[in-house]
Amino acid sequence: MKSLLALIPPSVRRIDLLAPPFSGHLHPVLALGRALAAQYEVRIISTQGAQLRIAAAGLPGVELAGDFDSPLLAIANPDYAVKSSPLKLYQQFKQAVGLLADFATQLDELYQRDQPPDLIIADFTLPVVGKAAAAWNIPWWTSLPSPCVLETCDGPPAYCGGLTPATNGWQRVRQAIARKKVRWFKQTIFWLFRHTIRPTGITQLYRPDGTESAYSAECILALGDKSLEFARSWPACVQFIGPALYTPPNSAPSPCFVPGHRHVLVTLGTHLGWHKDEVADAVRQLAATLPDYQFHFTDGDPQATGFQQTENFIRLPWVNYETCLQHYSLVIHHGGAGIMYYCLQQNIPALVYPVDFDQFDHAARLEAAGKGVWLKGGLKALVNARPDIERLLGDAK
């Protein structure tokens, strides 16, 4: 995080960091907060559901009034796949806009009561922070755990199934069309909801220079490894500072590891609840083909109490990446930014089973870099992943 500290202007003393309560967004912000707290007065602003984890990270938290957690969970963890479905993306957007407007109102009221900070750093899912910051004349930066989602004038766009760099003229044309389709879809949604969006203070999707107004024009903290990203013309405000990895401690019990056995972790993160039973069943079948391995499937919920075991397959409520990942020989994950960079940090081989959102884009980057194997073919590919596991771990016969 030295590169982050080097970016902070000398005049800054107080910094507010903002994030929704979901682990993939909150935990990177906590990592930034912990790095900044050594030299600055830091606060983490989020919802009620994030406060225990903020406190566990040793940071002061500010809870925004209002019921955000339940509606946010319904939006972020629906009982269906979103992928690139325009209708499902439309439905999610409609539900999210009202919450963002309430968030902006609560933030404004907070700064009416308390002295505003010298700098705001907000997760990329909170575009309304920019308008609130402007109203109080506070510099605003964006925190971006998945740099691949940022629109650029060239290169493969995100949310299109995991595109890789074009190698010929036809592919370049197709990707140019895909970039325009992504922008057209966003503009269409924005126009359809222009009256609903108005209370947020957001009046345009793109600035005159073509950059996205949802992100800071001053500084976008790209929390990733630029060498893993495909070559693109990044906006001048993008600063790659490396992954921001941190998992706050909690009371969830740690998994047991059987001496003399290799262990495989399977995780879909904290979302994708609609698909976890199916994946757990597929992993159970995979485990039966590798009796000498121990398979741990995590539901990604530290508050849950369920525990299931069948032979060498165990389904657990929670596995803390920070403290437990070192005990695994291999990880099968969904392509979330957090687990992706945890595996890269600890040099743990990975099979990537993307399901939704930007996960396909991460899978494409990992495979292109030789840092992971993209399991294509859905649940069937997962059930039949034994050769991939044996090859990655040097057990192929």
# chains A, B, ... in the order shown; residues from 1 in each chain; ligands from 1
call {"tool": "residues_around", "arguments": {"residues": "A:Cys148", "least_positions_apart": "2", "cutoff": "10 Å", "atoms": "only C-alpha atoms", "output": "list of chain:residue names"}}
result
A:Leu144, A:Pro145, A:Ser146, A:Leu150, A:Glu151, A:Thr152, A:Pro156, A:Pro157, A:Ala158, A:Tyr159, A:Ala222, A:Gly224, A:Lys226, A:Leu228, A:Glu229, A:Phe230, A:Arg232, A:Asp358, A:Asp361, A:His362, A:Arg365
call {"tool": "write_last_selection", "arguments": {"atoms": "C-alpha atoms", "output": "short mmCIF file (atom, residue, chain, number, x, y, z; two decimals), in the first residue's frame"}}
result
data_model
loop_
_atom_site.label_atom_id
_atom_site.label_comp_id
_atom_site.auth_asym_id
_atom_site.auth_seq_id
_atom_site.Cartn_x
_atom_site.Cartn_y
_atom_site.Cartn_z
CA LEU A 144 -12.17 -0.28 -8.06
CA PRO A 145 -11.46 -3.94 -7.09
CA SER A 146 -12.15 -5.15 -10.66
CA LEU A 150 -13.86 0.06 -16.61
CA GLU A 151 -14.84 1.16 -20.12
CA THR A 152 -11.99 2.10 -22.44
CA PRO A 156 -12.15 -6.32 -24.95
CA PRO A 157 -15.10 -4.90 -22.96
CA ALA A 158 -16.30 -6.53 -19.74
CA TYR A 159 -19.63 -8.28 -19.17
CA ALA A 222 -7.35 0.18 -9.49
CA GLY A 224 -5.36 -5.08 -9.21
CA LYS A 226 -1.81 -4.27 -14.22
CA LEU A 228 -2.76 -9.40 -15.39
CA GLU A 229 -4.98 -6.99 -17.33
CA PHE A 230 -5.26 -7.00 -21.11
CA ARG A 232 -5.97 -1.14 -23.04
CA ASP A 358 -17.26 -9.86 -14.15
CA ASP A 361 -13.56 -11.57 -17.51
CA HIS A 362 -11.35 -12.60 -14.58
CA ARG A 365 -7.37 -13.03 -17.76
#
call {"tool": "closest_residue", "arguments": {"among": "A:Phe185, A:Tyr353, A:Trp136, A:Phe313", "to": "A:Pro291", "atoms": "only C-alpha atoms"}}
result
A:Phe313
call {"tool": "residues_around", "arguments": {"residues": "A:Leu223", "least_positions_apart": "6", "cutoff": "8 Å", "atoms": "only C-alpha atoms", "output": "NGL selection string"}}
result
:A and (143-147 or 240-244)
call {"tool": "write_last_selection", "arguments": {"atoms": "N, CA and C atoms", "output": "PDB file, in the first residue's frame"}}
result
ATOM      1  N   SER A 143     -12.623   3.643  -5.585  1.00  0.00           N
ATOM      2  CA  SER A 143     -11.924   2.380  -5.331  1.00  0.00           C
ATOM      3  C   SER A 143     -12.521   1.311  -6.241  1.00  0.00           C
ATOM      4  N   LEU A 144     -11.682   0.649  -7.044  1.00  0.00           N
ATOM      5  CA  LEU A 144     -12.168  -0.284  -8.064  1.00  0.00           C
ATOM      6  C   LEU A 144     -11.468  -1.640  -7.940  1.00  0.00           C
ATOM      7  N   PRO A 145     -12.093  -2.626  -7.253  1.00  0.00           N
ATOM      8  CA  PRO A 145     -11.463  -3.937  -7.085  1.00  0.00           C
ATOM      9  C   PRO A 145     -11.331  -4.731  -8.389  1.00  0.00           C
ATOM     10  N   SER A 146     -12.170  -4.426  -9.386  1.00  0.00           N
ATOM     11  CA  SER A 146     -12.148  -5.147 -10.661  1.00  0.00           C
ATOM     12  C   SER A 146     -11.891  -4.160 -11.794  1.00  0.00           C
ATOM     13  N   PRO A 147     -10.634  -3.830 -12.068  1.00  0.00           N
ATOM     14  CA  PRO A 147     -10.347  -2.840 -13.115  1.00  0.00           C
ATOM     15  C   PRO A 147     -10.902  -3.216 -14.484  1.00  0.00           C
ATOM     16  N   PHE A 240      -2.938   2.077 -10.708  1.00  0.00           N
ATOM     17  CA  PHE A 240      -2.858   0.696 -10.237  1.00  0.00           C
ATOM     18  C   PHE A 240      -2.001   0.667  -8.971  1.00  0.00           C
ATOM     19  N   ILE A 241      -2.623   0.279  -7.846  1.00  0.00           N
ATOM     20  CA  ILE A 241      -1.882   0.243  -6.580  1.00  0.00           C
ATOM     21  C   ILE A 241      -1.771  -1.180  -6.031  1.00  0.00           C
ATOM     22  N   GLY A 242      -2.220  -2.160  -6.811  1.00  0.00           N
ATOM     23  CA  GLY A 242      -2.132  -3.546  -6.370  1.00  0.00           C
ATOM     24  C   GLY A 242      -3.373  -3.987  -5.621  1.00  0.00           C
ATOM     25  N   PRO A 243      -3.543  -5.292  -5.435  1.00  0.00           N
ATOM     26  CA  PRO A 243      -4.723  -5.820  -4.733  1.00  0.00           C
ATOM     27  C   PRO A 243      -4.784  -5.328  -3.293  1.00  0.00           C
ATOM     28  N   ALA A 244      -5.994  -5.062  -2.830  1.00  0.00           N
ATOM     29  CA  ALA A 244      -6.221  -4.675  -1.429  1.00  0.00           C
ATOM     30  C   ALA A 244      -6.909  -5.845  -0.744  1.00  0.00           C
TER      31      ALA A 244
END
call {"tool": "select_by_dssp", "arguments": {"residues": "stretch 29-275 of chain A", "states": "strand (DSSP E)", "output": "PDB file with C-alpha atoms, in the first residue's frame"}}
result
ATOM      1  CA  GLU A  41      -7.717  10.067  10.650  1.00  0.00           C
ATOM      2  CA  VAL A  42      -9.876   7.473   8.932  1.00  0.00           C
ATOM      3  CA  ARG A  43     -13.576   6.579   9.102  1.00  0.00           C
ATOM      4  CA  ILE A  44     -15.399   3.758   7.312  1.00  0.00           C
ATOM      5  CA  ILE A  45     -18.940   4.747   6.320  1.00  0.00           C
ATOM      6  CA  SER A  46     -21.347   1.931   5.523  1.00  0.00           C
ATOM      7  CA  GLY A  61     -17.211   3.023  11.636  1.00  0.00           C
ATOM      8  CA  VAL A  62     -20.093   5.354  10.851  1.00  0.00           C
ATOM      9  CA  GLU A  63     -23.514   3.784  10.265  1.00  0.00           C
ATOM     10  CA  LEU A 119     -10.830  13.316   1.014  1.00  0.00           C
ATOM     11  CA  ILE A 120     -13.475  10.701   0.192  1.00  0.00           C
ATOM     12  CA  ILE A 121     -12.603   7.285  -1.242  1.00  0.00           C
ATOM     13  CA  ALA A 122     -15.710   5.347  -2.303  1.00  0.00           C
ATOM     14  CA  ASP A 123     -16.271   1.881  -3.733  1.00  0.00           C
ATOM     15  CA  TRP A 140     -13.525  12.225  -4.361  1.00  0.00           C
ATOM     16  CA  TRP A 141     -11.642   9.112  -5.458  1.00  0.00           C
ATOM     17  CA  THR A 142     -13.030   5.776  -6.642  1.00  0.00           C
ATOM     18  CA  SER A 143     -11.924   2.380  -5.331  1.00  0.00           C
ATOM     19  CA  LEU A 144     -12.168  -0.284  -8.064  1.00  0.00           C
ATOM     20  CA  ILE A 220      -9.482   5.739  -9.749  1.00  0.00           C
ATOM     21  CA  LEU A 221      -7.622   3.373  -7.434  1.00  0.00           C
ATOM     22  CA  ALA A 222      -7.349   0.183  -9.490  1.00  0.00           C
ATOM     23  CA  VAL A 238      -6.363   5.321 -13.218  1.00  0.00           C
ATOM     24  CA  GLN A 239      -3.720   4.390 -10.643  1.00  0.00           C
ATOM     25  CA  PHE A 240      -2.858   0.696 -10.237  1.00  0.00           C
ATOM     26  CA  ARG A 262      -4.353 -32.632   0.042  1.00  0.00           C
ATOM     27  CA  HIS A 263      -7.218 -30.227   0.506  1.00  0.00           C
ATOM     28  CA  VAL A 264      -9.225 -28.432  -2.164  1.00  0.00           C
ATOM     29  CA  LEU A 265     -11.288 -25.348  -1.377  1.00  0.00           C
ATOM     30  CA  VAL A 266     -14.396 -24.608  -3.449  1.00  0.00           C
ATOM     31  CA  THR A 267     -15.910 -21.150  -3.104  1.00  0.00           C
TER      32      THR A 267
END
call {"tool": "closest_residue", "arguments": {"among": "A:Ala217, A:Leu316, A:Ile332, A:Val129", "to": "A:Ala101", "atoms": "only C-alpha atoms"}}
result
A:Val129
call {"tool": "residues_around", "arguments": {"residues": "A:Leu286", "least_positions_apart": "4", "cutoff": "10 Å", "atoms": "only C-alpha atoms", "output": "PyMOL selection string"}}
result
chain A and resi 280-282+290-291+295+313+380-386
call {"tool": "closest_residue", "arguments": {"among": "A:Asp225, A:Asp108, A:Glu218, A:Asp301", "to": "A:Ile8", "atoms": "only C-alpha atoms"}}
result
A:Glu218
call {"tool": "select_by_dssp", "arguments": {"residues": "stretch 239-348 of chain A", "states": "alpha helix (DSSP H)", "output": "ChimeraX atom specification"}}
result
/A:276-288,321-324,337-345
call {"tool": "closest_residue", "arguments": {"among": "A:Phe307, A:Ile389, A:Pro248, A:Gly338", "to": "A:Tyr293", "atoms": "only C-alpha atoms"}}
result
A:Ile389
call {"tool": "decode", "arguments": {"residues": "stretch 303-351 of chain A", "atoms": "N, CA and C atoms", "output": "JSON list (two decimals), in the first residue's frame"}}
result
[["chain", "number", "residue", "atom", "x", "y", "z"],
["A", 303, "GLN", "N", -22.25, -16.23, 9.44],
["A", 303, "GLN", "CA", -23.32, -16.30, 10.43],
["A", 303, "GLN", "C", -24.08, -17.63, 10.38],
["A", 304, "ALA", "N", -23.86, -18.41, 9.35],
["A", 304, "ALA", "CA", -24.57, -19.68, 9.20],
["A", 304, "ALA", "C", -23.99, -20.73, 10.14],
["A", 305, "THR", "N", -24.76, -21.77, 10.37],
["A", 305, "THR", "CA", -24.33, -22.83, 11.29],
["A", 305, "THR", "C", -24.37, -24.21, 10.63],
["A", 306, "GLY", "N", -24.81, -24.29, 9.39],
["A", 306, "GLY", "CA", -24.94, -25.59, 8.74],
["A", 306, "GLY", "C", -23.59, -26.26, 8.50],
["A", 307, "PHE", "N", -23.59, -27.58, 8.56],
["A", 307, "PHE", "CA", -22.36, -28.35, 8.35],
["A", 307, "PHE", "C", -22.76, -29.71, 7.80],
["A", 308, "GLN", "N", -22.21, -30.09, 6.64],
["A", 308, "GLN", "CA", -22.54, -31.38, 6.03],
["A", 308, "GLN", "C", -21.24, -32.09, 5.65],
["A", 309, "GLN", "N", -21.21, -33.41, 5.83],
["A", 309, "GLN", "CA", -20.03, -34.17, 5.43],
["A", 309, "GLN", "C", -20.46, -35.50, 4.83],
["A", 310, "THR", "N", -19.88, -35.81, 3.68],
["A", 310, "THR", "CA", -20.07, -37.09, 3.02],
["A", 310, "THR", "C", -18.71, -37.57, 2.55],
["A", 311, "GLU", "N", -18.20, -38.61, 3.19],
["A", 311, "GLU", "CA", -16.88, -39.13, 2.84],
["A", 311, "GLU", "C", -15.85, -38.00, 2.88],
["A", 312, "ASN", "N", -15.26, -37.68, 1.71],
["A", 312, "ASN", "CA", -14.21, -36.66, 1.68],
["A", 312, "ASN", "C", -14.72, -35.30, 1.22],
["A", 313, "PHE", "N", -16.02, -35.07, 1.34],
["A", 313, "PHE", "CA", -16.63, -33.79, 1.00],
["A", 313, "PHE", "C", -17.25, -33.17, 2.25],
["A", 314, "ILE", "N", -16.88, -31.92, 2.52],
["A", 314, "ILE", "CA", -17.43, -31.20, 3.67],
["A", 314, "ILE", "C", -17.97, -29.85, 3.19],
["A", 315, "ARG", "N", -19.22, -29.56, 3.56],
["A", 315, "ARG", "CA", -19.81, -28.25, 3.26],
["A", 315, "ARG", "C", -19.82, -27.42, 4.53],
["A", 316, "LEU", "N", -19.13, -26.27, 4.46],
["A", 316, "LEU", "CA", -18.92, -25.42, 5.62],
["A", 316, "LEU", "C", -19.61, -24.07, 5.43],
["A", 317, "PRO", "N", -19.97, -23.40, 6.51],
["A", 317, "PRO", "CA", -20.56, -22.07, 6.38],
["A", 317, "PRO", "C", -19.56, -21.03, 5.88],
["A", 318, "TRP", "N", -18.30, -21.13, 6.34],
["A", 318, "TRP", "CA", -17.37, -20.03, 6.10],
["A", 318, "TRP", "C", -15.94, -20.51, 6.16],
["A", 319, "VAL", "N", -15.11, -20.00, 5.28],
["A", 319, "VAL", "CA", -13.67, -20.23, 5.33],
["A", 319, "VAL", "C", -13.00, -18.87, 5.20],
["A", 320, "ASN", "N", -12.18, -18.51, 6.17],
["A", 320, "ASN", "CA", -11.49, -17.23, 6.17],
["A", 320, "ASN", "C", -10.26, -17.33, 5.27],
["A", 321, "TYR", "N", -10.27, -16.62, 4.14],
["A", 321, "TYR", "CA", -9.15, -16.69, 3.21],
["A", 321, "TYR", "C", -7.85, -16.24, 3.86],
["A", 322, "GLU", "N", -7.95, -15.25, 4.73],
["A", 322, "GLU", "CA", -6.76, -14.66, 5.35],
["A", 322, "GLU", "C", -5.98, -15.68, 6.16],
["A", 323, "THR", "N", -6.70, -16.53, 6.90],
["A", 323, "THR", "CA", -6.04, -17.43, 7.85],
["A", 323, "THR", "C", -5.98, -18.89, 7.39],
["A", 324, "CYS", "N", -6.83, -19.27, 6.44],
["A", 324, "CYS", "CA", -6.96, -20.69, 6.11],
["A", 324, "CYS", "C", -6.44, -21.07, 4.73],
["A", 325, "LEU", "N", -6.32, -20.11, 3.84],
["A", 325, "LEU", "CA", -6.04, -20.47, 2.44],
["A", 325, "LEU", "C", -4.71, -21.20, 2.29],
["A", 326, "GLN", "N", -3.77, -20.92, 3.15],
["A", 326, "GLN", "CA", -2.45, -21.53, 3.05],
["A", 326, "GLN", "C", -2.48, -23.06, 3.21],
["A", 327, "HIS", "N", -3.57, -23.57, 3.77],
["A", 327, "HIS", "CA", -3.66, -25.02, 4.00],
["A", 327, "HIS", "C", -4.21, -25.77, 2.78],
["A", 328, "TYR", "N", -4.60, -25.07, 1.75],
["A", 328, "TYR", "CA", -5.19, -25.72, 0.57],
["A", 328, "TYR", "C", -4.17, -25.86, -0.54],
["A", 329, "SER", "N", -4.21, -27.00, -1.21],
["A", 329, "SER", "CA", -3.31, -27.27, -2.33],
["A", 329, "SER", "C", -3.84, -26.66, -3.62],
["A", 330, "LEU", "N", -5.16, -26.50, -3.69],
["A", 330, "LEU", "CA", -5.79, -26.01, -4.90],
["A", 330, "LEU", "C", -7.12, -25.37, -4.52],
["A", 331, "VAL", "N", -7.54, -24.37, -5.30],
["A", 331, "VAL", "CA", -8.82, -23.71, -5.07],
["A", 331, "VAL", "C", -9.64, -23.73, -6.35],
["A", 332, "ILE", "N", -10.89, -24.09, -6.22],
["A", 332, "ILE", "CA", -11.85, -23.93, -7.30],
["A", 332, "ILE", "C", -12.71, -22.73, -6.92],
["A", 333, "HIS", "N", -12.62, -21.66, -7.71],
["A", 333, "HIS", "CA", -13.37, -20.45, -7.33],
["A", 333, "HIS", "C", -14.12, -19.87, -8.53],
["A", 334, "HIS", "N", -14.96, -18.89, -8.24],
["A", 334, "HIS", "CA", -15.88, -18.32, -9.21],
["A", 334, "HIS", "C", -15.29, -17.17, -10.02],
["A", 335, "GLY", "N", -14.09, -16.76, -9.70],
["A", 335, "GLY", "CA", -13.49, -15.64, -10.41],
["A", 335, "GLY", "C", -13.74, -14.30, -9.75],
["A", 336, "GLY", "N", -14.13, -14.31, -8.47],
["A", 336, "GLY", "CA", -14.23, -13.05, -7.75],
["A", 336, "GLY", "C", -12.85, -12.45, -7.55],
["A", 337, "ALA", "N", -12.79, -11.11, -7.51],
["A", 337, "ALA", "CA", -11.49, -10.45, -7.42],
["A", 337, "ALA", "C", -10.73, -10.83, -6.16],
["A", 338, "GLY", "N", -11.44, -10.93, -5.02],
["A", 338, "GLY", "CA", -10.77, -11.22, -3.77],
["A", 338, "GLY", "C", -10.07, -12.56, -3.76],
["A", 339, "ILE", "N", -10.80, -13.64, -4.01],
["A", 339, "ILE", "CA", -10.20, -14.97, -3.97],
["A", 339, "ILE", "C", -9.19, -15.14, -5.10],
["A", 340, "MET", "N", -9.42, -14.49, -6.23],
["A", 340, "MET", "CA", -8.46, -14.57, -7.33],
["A", 340, "MET", "C", -7.09, -14.05, -6.89],
["A", 341, "TYR", "N", -7.08, -12.88, -6.24],
["A", 341, "TYR", "CA", -5.80, -12.31, -5.83],
["A", 341, "TYR", "C", -5.22, -12.98, -4.59],
["A", 342, "TYR", "N", -6.06, -13.52, -3.73],
["A", 342, "TYR", "CA", -5.53, -14.30, -2.62],
["A", 342, "TYR", "C", -4.76, -15.52, -3.15],
["A", 343, "CYS", "N", -5.32, -16.20, -4.14],
["A", 343, "CYS", "CA", -4.64, -17.37, -4.71],
["A", 343, "CYS", "C", -3.34, -16.97, -5.40],
["A", 344, "LEU", "N", -3.37, -15.86, -6.14],
["A", 344, "LEU", "CA", -2.16, -15.40, -6.81],
["A", 344, "LEU", "C", -1.09, -15.00, -5.79],
["A", 345, "GLN", "N", -1.53, -14.36, -4.71],
["A", 345, "GLN", "CA", -0.59, -13.92, -3.67],
["A", 345, "GLN", "C", 0.13, -15.11, -3.05],
["A", 346, "GLN", "N", -0.61, -16.21, -2.82],
["A", 346, "GLN", "CA", -0.03, -17.37, -2.14],
["A", 346, "GLN", "C", 0.40, -18.46, -3.13],
["A", 347, "ASN", "N", 0.34, -18.15, -4.43],
["A", 347, "ASN", "CA", 0.79, -19.08, -5.46],
["A", 347, "ASN", "C", 0.06, -20.43, -5.38],
["A", 348, "ILE", "N", -1.24, -20.36, -5.20],
["A", 348, "ILE", "CA", -2.08, -21.57, -5.13],
["A", 348, "ILE", "C", -2.77, -21.76, -6.47],
["A", 349, "PRO", "N", -2.60, -22.91, -7.11],
["A", 349, "PRO", "CA", -3.25, -23.14, -8.41],
["A", 349, "PRO", "C", -4.77, -23.07, -8.29],
["A", 350, "ALA", "N", -5.41, -22.62, -9.37],
["A", 350, "ALA", "CA", -6.86, -22.41, -9.32],
["A", 350, "ALA", "C", -7.55, -22.92, -10.57],
["A", 351, "LEU", "N", -8.70, -23.51, -10.36],
["A", 351, "LEU", "CA", -9.67, -23.77, -11.42],
["A", 351, "LEU", "C", -10.75, -22.71, -11.27]]
